[in-house]
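With mmCIF, C-alpha atoms inside, this is work-v5.cif:
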```cif
data_protein
#
loop_
_atom_site.label_atom_id
_atom_site.label_comp_id
_atom_site.auth_asym_id
_atom_site.auth_seq_id
_atom_site.Cartn_x
_atom_site.Cartn_y
_atom_site.Cartn_z
CA GLU A 293 67.41 -26.40 51.88
CA ASP A 294 66.97 -28.24 48.57
CA ALA A 295 66.21 -24.97 46.78
CA THR A 296 69.34 -23.35 48.22
CA SER A 297 71.49 -26.26 47.09
CA GLU A 298 69.99 -26.14 43.61
CA ALA A 299 70.53 -22.37 43.41
CA MET A 300 74.17 -22.77 44.44
CA ARG A 301 74.64 -25.42 41.75
CA LYS A 302 73.17 -23.11 39.08
CA LEU A 303 75.30 -20.20 40.29
CA SER A 304 78.43 -22.31 39.96
CA SER A 305 77.45 -23.26 36.42
CA ALA A 306 76.75 -19.63 35.55
CA ARG A 307 80.13 -18.49 36.93
CA VAL A 308 81.87 -21.11 34.80
CA GLU A 309 79.95 -20.00 31.71
CA VAL A 310 80.79 -16.32 32.33
CA ALA A 311 84.46 -17.21 32.72
CA ASN A 312 84.39 -19.12 29.42
CA GLN A 313 82.72 -16.22 27.63
CA LEU A 314 85.29 -13.79 28.95
CA VAL A 315 88.01 -15.93 27.38
CA ILE A 316 86.17 -15.88 24.04
CA VAL A 317 85.63 -12.09 24.22
CA GLY A 318 89.37 -11.59 24.53
CA ALA A 319 89.73 -12.33 20.84
CA TYR A 320 87.28 -9.57 19.73
CA ALA A 321 88.16 -6.06 18.58
CA THR A 322 89.13 -3.62 21.29
CA ARG A 323 85.87 -1.59 21.38
CA VAL A 324 83.69 -4.69 21.22
CA LYS A 325 85.84 -6.42 23.77
CA GLU A 326 85.59 -3.51 26.21
CA SER A 327 81.81 -3.39 25.87
CA ALA A 328 81.49 -7.15 26.35
CA MET A 329 83.90 -7.14 29.26
CA SER A 330 81.84 -4.45 30.93
CA GLU A 331 78.61 -6.43 30.49
CA TYR A 332 80.15 -9.70 31.66
CA GLY A 333 81.78 -7.91 34.61
CA ALA A 334 78.39 -6.58 35.72
CA LEU A 335 76.92 -10.05 35.31
CA LYS A 336 79.77 -11.53 37.33
CA ALA A 337 79.14 -9.01 40.13
CA ARG A 338 75.45 -9.93 40.18
CA LEU A 339 76.37 -13.59 40.45
CA GLN A 340 78.72 -12.83 43.34
CA LYS A 341 76.00 -10.89 45.16
CA ALA A 342 73.55 -13.74 44.66
CA ARG A 343 76.15 -16.17 46.00
CA GLU A 344 76.65 -14.08 49.13
CA GLN A 345 72.90 -14.07 49.74
CA LEU A 346 72.74 -17.83 49.34
CA GLU A 347 75.66 -18.28 51.73
CA VAL A 348 73.61 -16.53 54.40
CA PHE A 349 70.96 -19.22 54.01
CA LEU A 350 73.60 -21.94 54.02
CA LYS A 351 75.15 -20.63 57.24
CA PHE A 352 71.72 -20.41 58.82
CA ARG A 353 71.05 -24.00 57.82
CA GLN A 354 74.35 -25.16 59.27
CA GLY A 355 73.77 -23.19 62.47
CA PHE A 356 70.25 -24.54 62.73
CA ARG A 357 71.49 -28.09 62.33
CA ALA A 358 74.15 -27.50 64.99
CA ARG A 359 71.54 -26.13 67.39
CA VAL A 360 69.21 -29.06 66.78
CA GLU A 361 72.06 -31.51 67.32
CA ALA A 362 73.18 -29.71 70.47
CA LYS A 363 69.64 -29.74 71.85
CA SER A 364 69.34 -33.45 71.09
CA ARG A 365 72.65 -34.21 72.80
CA LEU A 366 71.68 -32.11 75.81
CA LEU A 367 68.42 -34.02 76.18
CA GLU A 368 70.23 -37.37 75.92
CA MET A 369 72.81 -36.37 78.53
CA ALA A 370 70.09 -34.99 80.81
CA ASP A 371 68.28 -38.34 80.65
CA VAL A 372 71.47 -40.21 81.57
CA LEU A 373 72.17 -37.89 84.49
CA SER A 374 68.56 -38.11 85.70
CA ALA A 375 68.78 -41.90 85.71
CA ALA A 376 72.10 -41.76 87.61
CA GLU A 377 70.69 -39.29 90.15
CA LEU A 378 67.72 -41.61 90.72
CA GLU A 379 70.02 -44.57 91.43
CA VAL A 380 72.07 -42.41 93.80
CA GLU A 381 68.94 -41.42 95.73
CA LYS A 382 67.85 -45.07 95.96
CA VAL A 383 71.17 -46.09 97.49
CA ILE A 384 71.16 -43.14 99.90
CA MET A 385 67.64 -44.06 101.07
CA ALA A 386 68.65 -47.72 101.48
CA LEU A 387 71.61 -46.73 103.65
CA GLN A 388 69.52 -44.34 105.73
CA SER A 389 66.77 -46.91 106.33
CA ALA A 390 69.18 -49.77 107.18
CA GLU A 391 69.91 -50.60 110.82
CA ASN A 392 72.98 -48.62 111.89
CA GLY A 393 73.40 -47.66 108.22
CA GLN A 394 74.61 -51.19 107.46
CA VAL A 395 72.84 -52.88 104.55
CA GLY A 396 72.88 -56.64 103.95
CA ARG A 397 75.30 -58.39 101.63
CA GLU A 398 72.83 -58.85 98.76
CA GLU A 399 71.63 -55.25 99.00
CA SER A 400 75.22 -54.03 99.11
CA GLU A 401 76.17 -56.03 96.01
CA ALA A 402 73.09 -54.76 94.12
CA ALA A 403 73.88 -51.18 95.15
CA VAL A 404 77.48 -51.50 93.96
CA ILE A 405 76.28 -52.80 90.57
CA ALA A 406 73.83 -49.90 90.29
CA MET A 407 76.51 -47.38 91.18
CA ARG A 408 78.98 -48.87 88.69
CA SER A 409 76.36 -48.63 85.95
CA ALA A 410 75.56 -45.03 86.89
CA GLU A 411 79.27 -44.22 87.05
CA SER A 412 79.74 -45.55 83.51
CA GLY A 413 76.90 -43.38 82.20
CA VAL A 414 78.16 -40.24 83.94
CA SER A 415 81.70 -40.82 82.65
CA ALA A 416 80.33 -41.09 79.10
CA VAL A 417 78.43 -37.83 79.60
CA LEU A 418 81.56 -36.04 80.82
CA LEU A 419 83.57 -37.34 77.89
CA SER A 420 80.89 -36.20 75.44
CA VAL A 421 80.29 -32.80 77.03
CA ASN A 422 84.01 -32.01 77.11
CA SER A 423 84.15 -32.73 73.39
CA MET A 424 81.09 -30.55 72.69
CA LEU A 425 82.47 -27.66 74.76
CA GLN A 426 85.46 -27.30 72.43
CA GLY A 427 83.37 -25.98 69.56
CA ALA A 428 80.38 -24.55 71.42
CA VAL A 429 79.74 -20.82 71.81
CA GLY A 430 77.16 -18.61 73.43
CA ILE A 431 74.06 -20.22 74.87
CA ALA A 432 75.11 -23.70 73.74
CA ARG A 433 78.40 -23.43 75.62
CA ALA A 434 76.63 -22.25 78.78
CA SER A 435 74.19 -25.17 78.52
CA PHE A 436 76.99 -27.70 78.12
CA ARG A 437 78.80 -26.10 81.05
CA GLU A 438 75.73 -26.60 83.25
CA VAL A 439 75.53 -30.25 82.20
CA LYS A 440 79.20 -30.76 83.04
CA ASP A 441 78.78 -29.22 86.51
CA ARG A 442 75.75 -31.43 87.12
CA ALA A 443 77.65 -34.53 85.98
CA CYS A 444 80.58 -33.71 88.25
CA LYS A 445 78.27 -33.44 91.27
CA VAL A 446 76.63 -36.78 90.48
CA GLN A 447 80.05 -38.40 89.99
CA SER A 448 81.19 -37.08 93.37
CA LYS A 449 78.13 -38.62 95.09
CA ILE A 450 78.69 -41.93 93.31
CA ASN A 451 82.32 -42.06 94.46
CA MET A 452 81.26 -41.29 98.02
CA LEU A 453 78.61 -44.04 98.00
CA LEU A 454 80.96 -46.59 96.47
CA ALA A 455 83.50 -45.87 99.20
CA GLU A 456 80.78 -46.32 101.83
CA LEU A 457 79.55 -49.57 100.27
CA PHE A 458 83.06 -50.99 99.93
CA GLY A 459 83.71 -50.11 103.57
CA GLN A 460 80.54 -51.89 104.66
CA ASN A 461 81.38 -54.91 102.52
CA GLU A 462 84.82 -55.12 104.08
CA ALA A 463 83.28 -54.80 107.55
CA LEU A 464 80.93 -57.73 106.81
CA GLN A 465 83.81 -59.86 105.57
CA ALA A 466 85.90 -58.93 108.60
CA GLN A 467 83.01 -59.90 110.88
CA LYS A 468 82.81 -63.34 109.25
CA LEU A 469 86.56 -63.78 109.61
CA ALA A 470 86.28 -62.86 113.29
CA GLN A 471 83.52 -65.46 113.74
CA ALA A 472 85.71 -68.09 112.10
CA ALA A 473 88.53 -67.07 114.46
CA ASP A 474 86.19 -67.60 117.44
CA ARG A 475 85.60 -71.17 116.28
CA GLU A 476 89.34 -71.76 116.13
CA ILE A 477 89.91 -70.53 119.67
CA VAL A 478 87.23 -72.98 120.90
CA LYS A 479 89.34 -75.80 119.43
CA VAL A 480 92.43 -74.39 121.14
CA GLU A 481 90.80 -74.18 124.57
CA SER A 482 89.33 -77.67 124.21
CA ALA A 483 92.76 -79.10 123.36
CA LEU A 484 94.35 -77.24 126.27
CA LYS A 485 91.72 -78.59 128.66
CA CYS A 486 92.46 -82.16 127.55
CA CYS A 487 96.15 -81.60 128.33
CA GLN A 488 95.31 -80.41 131.81
CA GLU A 489 93.04 -83.37 132.63
CA VAL A 490 94.86 -86.31 130.95
CA GLU A 491 96.30 -89.17 133.01
CA LEU A 492 100.01 -90.00 132.85
CA PRO A 493 99.79 -93.06 130.56
CA HIS A 494 98.16 -90.96 127.80
CA ILE A 495 99.88 -87.67 128.45
CA THR A 496 102.39 -87.84 125.57
CA SER A 497 99.90 -88.62 122.82
CA THR A 498 97.43 -86.07 124.21
CA ASN A 499 100.06 -83.33 124.29
CA GLU A 500 101.16 -84.12 120.75
CA LEU A 501 97.58 -84.00 119.47
CA ALA A 502 96.91 -80.75 121.32
CA SER A 503 100.10 -79.24 119.93
CA LYS A 504 99.01 -80.16 116.39
CA VAL A 505 95.48 -78.76 116.87
CA ILE A 506 96.73 -75.51 118.39
CA GLY A 507 99.44 -75.10 115.73
CA GLU A 508 96.83 -75.41 112.97
CA ALA A 509 94.57 -72.94 114.78
CA ILE A 510 97.42 -70.43 115.02
CA ARG A 511 98.07 -70.80 111.29
CA VAL A 512 94.39 -70.17 110.51
CA LEU A 513 94.22 -67.18 112.86
CA ARG A 514 97.29 -65.60 111.29
CA THR A 515 95.73 -66.06 107.84
CA LYS A 516 92.46 -64.47 108.98
CA LEU A 517 94.32 -61.55 110.55
CA ALA A 518 96.30 -60.97 107.35
CA GLU A 519 93.07 -60.94 105.32
CA VAL A 520 91.47 -58.40 107.64
CA ASN A 521 94.58 -56.19 107.68
CA ALA A 522 94.48 -56.12 103.87
CA PHE A 523 91.17 -54.23 103.99
CA LYS A 524 91.31 -50.44 103.71
CA SER A 525 88.18 -49.48 105.63
CA GLU A 526 88.41 -48.12 109.15
CA ALA A 527 85.33 -50.22 110.01
CA VAL A 528 87.40 -53.44 110.11
CA LYS A 529 89.64 -52.32 112.98
CA PRO A 530 87.46 -53.84 115.74
CA ALA A 531 87.49 -57.22 113.97
CA ALA A 532 91.24 -56.99 113.42
CA GLY A 533 91.74 -56.24 117.11
CA ALA A 534 89.53 -59.17 118.15
CA ILE A 535 91.37 -61.64 115.91
CA SER A 536 94.71 -60.32 117.13
CA ASP A 537 93.62 -60.97 120.75
CA LEU A 538 92.51 -64.50 119.85
CA LEU A 539 95.83 -65.13 118.16
CA LYS A 540 97.65 -64.10 121.34
CA ARG A 541 95.46 -66.50 123.37
CA ALA A 542 96.25 -69.33 120.95
CA GLU A 543 99.98 -68.58 121.10
CA GLY A 544 99.72 -68.54 124.90
CA ALA A 545 97.98 -71.93 124.79
CA ALA A 546 100.77 -73.26 122.56
CA ALA A 547 103.32 -72.10 125.13
CA LYS A 548 101.38 -73.89 127.89
CA VAL A 549 101.31 -77.11 125.89
CA MET A 550 105.07 -76.88 125.48
CA GLN A 551 105.36 -76.51 129.23
CA PHE A 552 103.04 -79.50 129.69
CA LYS A 553 105.38 -81.50 127.44
CA ARG A 554 108.39 -80.55 129.54
CA ASP A 555 106.52 -81.34 132.77
CA ALA A 556 105.37 -84.67 131.35
CA HIS A 557 108.93 -85.50 130.44
CA GLN A 558 110.06 -84.72 133.96
CA ARG A 559 107.23 -86.81 135.40
CA LYS A 560 108.20 -89.73 133.19
CA LEU A 561 111.83 -89.45 134.26
CA ALA A 562 110.76 -89.29 137.89
CA ALA A 563 108.57 -92.39 137.44
CA ILE A 564 111.42 -94.29 135.78
CA LEU A 565 113.84 -93.22 138.49
CA LYS A 566 111.36 -94.38 141.14
CA GLU A 567 111.06 -97.75 139.44
CA VAL A 568 114.85 -98.07 139.30
CA VAL A 569 115.22 -97.15 142.97
CA GLU A 570 112.55 -99.66 143.94
CA ALA A 571 114.19 -102.36 141.81
CA VAL A 572 117.57 -101.66 143.43
CA ALA A 573 116.03 -101.76 146.88
CA CYS A 574 114.40 -105.11 146.11
CA ALA A 575 117.69 -106.47 144.81
CA GLU A 576 119.54 -105.31 147.92
CA ALA A 577 116.88 -106.87 150.13
CA ALA A 578 117.17 -110.15 148.24
CA VAL A 579 120.95 -110.14 148.63
CA ALA A 580 120.73 -109.39 152.35
CA ALA A 581 118.35 -112.27 152.85
#
```
Written form, structure tokens:
Amino acid sequence: EDATSEAMRKLSSARVEVANQLVIVGAYATRVKESAMSEYGALKARLQKAREQLEVFLKFRQGFRARVEAKSRLLEMADVLSAAELEVEKVIMALQSAENGQVGREESEAAVIAMRSAESGVSAVLLSVNSMLQGAVGIARASFREVKDRACKVQSKINMLLAELFGQNEALQAQKLAQAADREIVKVESALKCCQEVELPHITSTNELASKVIGEAIRVLRTKLAEVNAFKSEAVKPAAGAISDLLKRAEGAAAKVMQFKRDAHQRKLAAILKEVVEAVACAEAAVAA
């Protein structure tokens, strides 16, 4: 390579010198000028032929460098894809070995991180290979095409696994929300039971407290249901249905408490009326006596 560069430098110098001499020869007598022009023309042709031969070496060098660079890039991209494929297989095996295909929260989070990292690497490979394909020809182009197809397959698997992991994560969150909803309905039923068993002197305060407890429970249940409904996975539907049923039970309990309040009001009125009637009867008896 160094020898070729040096030869090209000398050829350029020689061409410049021949051109200068041709200018000088132009001032000579006609016969001398013709003879000199002929000699310099032959020399110029020899220099041109030598240049063409050197250009063959230069093109070979450039092509060789391109092939070496392409091979290096192919190896780098193959390493990235191999690493991504390994992470994909790990996640697939984890899902297959998990009970009902449902991995734990920590495993799910670790798998998502691994898939995101693999996705980043594969995206970089696709970006690079698309750029290399624009100028590649022949065997190099076919090799880059194979790498692109491989990267697309890996990317498709990563997307599928991420969707599965996100679905499982949403299902776990929905399950926790459903458990929290169960705790709220216990509060509702306890408050309703107190309303049913309370004695008349404490009935008003008990009903008011129950109404407050149940109202808060309904608010919490509606919030939990909205959170579950915001998930996109089909796996959360059972939890959403369970929370919806609990919400209906809580709303039914709230309606019963309202009825208890009305009944308590009627009982109070009846008690007051009874007292008034008794007082009137006593007064009439006193007057008659």
Next item on the list: Can you give me, as number ranges by chain, the residues this file yields under the PyMOL selection byres ((chain A and resi 456) around 12)?
Entry: A: 383-384, 387, 393-395, 400, 403-404, 407, 449-455, 457-463, 524-527
Next item on the list: Work out how far CA of Gln488 in chain A is from CA of Glu567 in chain A, in Å to one decimal.
Entry: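 CA of Glu567 in chain A sits 24.6 Å away from CA of Gln488 in chain A.
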Margin query: Considering all atoms listed in the file, can you say which of A:Ala522, A:Val579, A:Ala571, A:Val372 comes closest to Ala410 in chain A?
Written below: A:Val372
Note to self: Selection in question (the file shown): the PyMOL selection byres ((chain A and resi 447) around 12). Which residues does it include, as a PyMOL selection string?
What the structure shows: chain A and resi 373+376-377+379-380+407-418+440-446+448-454
Got time to write the residues from that selection, C-alpha atoms, as a PDB file, in the frame of the given file?
```pdb
ATOM      1  CA  LEU A 373      72.170 -37.890  84.490  1.00  0.00           C
ATOM      2  CA  ALA A 376      72.100 -41.760  87.610  1.00  0.00           C
ATOM      3  CA  GLU A 377      70.690 -39.290  90.150  1.00  0.00           C
ATOM      4  CA  GLU A 379      70.020 -44.570  91.430  1.00  0.00           C
ATOM      5  CA  VAL A 380      72.070 -42.410  93.800  1.00  0.00           C
ATOM      6  CA  MET A 407      76.510 -47.380  91.180  1.00  0.00           C
ATOM      7  CA  ARG A 408      78.980 -48.870  88.690  1.00  0.00           C
ATOM      8  CA  SER A 409      76.360 -48.630  85.950  1.00  0.00           C
ATOM      9  CA  ALA A 410      75.560 -45.030  86.890  1.00  0.00           C
ATOM     10  CA  GLU A 411      79.270 -44.220  87.050  1.00  0.00           C
ATOM     11  CA  SER A 412      79.740 -45.550  83.510  1.00  0.00           C
ATOM     12  CA  GLY A 413      76.900 -43.380  82.200  1.00  0.00           C
ATOM     13  CA  VAL A 414      78.160 -40.240  83.940  1.00  0.00           C
ATOM     14  CA  SER A 415      81.700 -40.820  82.650  1.00  0.00           C
ATOM     15  CA  ALA A 416      80.330 -41.090  79.100  1.00  0.00           C
ATOM     16  CA  VAL A 417      78.430 -37.830  79.600  1.00  0.00           C
ATOM     17  CA  LEU A 418      81.560 -36.040  80.820  1.00  0.00           C
ATOM     18  CA  LYS A 440      79.200 -30.760  83.040  1.00  0.00           C
ATOM     19  CA  ASP A 441      78.780 -29.220  86.510  1.00  0.00           C
ATOM     20  CA  ARG A 442      75.750 -31.430  87.120  1.00  0.00           C
ATOM     21  CA  ALA A 443      77.650 -34.530  85.980  1.00  0.00           C
ATOM     22  CA  CYS A 444      80.580 -33.710  88.250  1.00  0.00           C
ATOM     23  CA  LYS A 445      78.270 -33.440  91.270  1.00  0.00           C
ATOM     24  CA  VAL A 446      76.630 -36.780  90.480  1.00  0.00           C
ATOM     25  CA  SER A 448      81.190 -37.080  93.370  1.00  0.00           C
ATOM     26  CA  LYS A 449      78.130 -38.620  95.090  1.00  0.00           C
ATOM     27  CA  ILE A 450      78.690 -41.930  93.310  1.00  0.00           C
ATOM     28  CA  ASN A 451      82.320 -42.060  94.460  1.00  0.00           C
ATOM     29  CA  MET A 452      81.260 -41.290  98.020  1.00  0.00           C
ATOM     30  CA  LEU A 453      78.610 -44.040  98.000  1.00  0.00           C
ATOM     31  CA  LEU A 454      80.960 -46.590  96.470  1.00  0.00           C
TER      32      LEU A 454
END
```
Margin query: One decimal, in Å: what's the spacing between CA of Ala518 in chain A and CA of Ser503 in chain A?
Written below: 22.5 Å
Check: In Å, with one decimal, what is the gap from CA of Lys553 in chain A to CA of Glu500 in chain A?
Finding: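 Between these atoms lies a distance of 8.3 Å.
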Item checked: Explicit residue set for the PyMOL selection byres ((chain A and resi 474) around 12), as an MDAnalysis selection string -> chainID A and resid 467:473 475:481 509:510 512:513 516 531 534:539 541:542
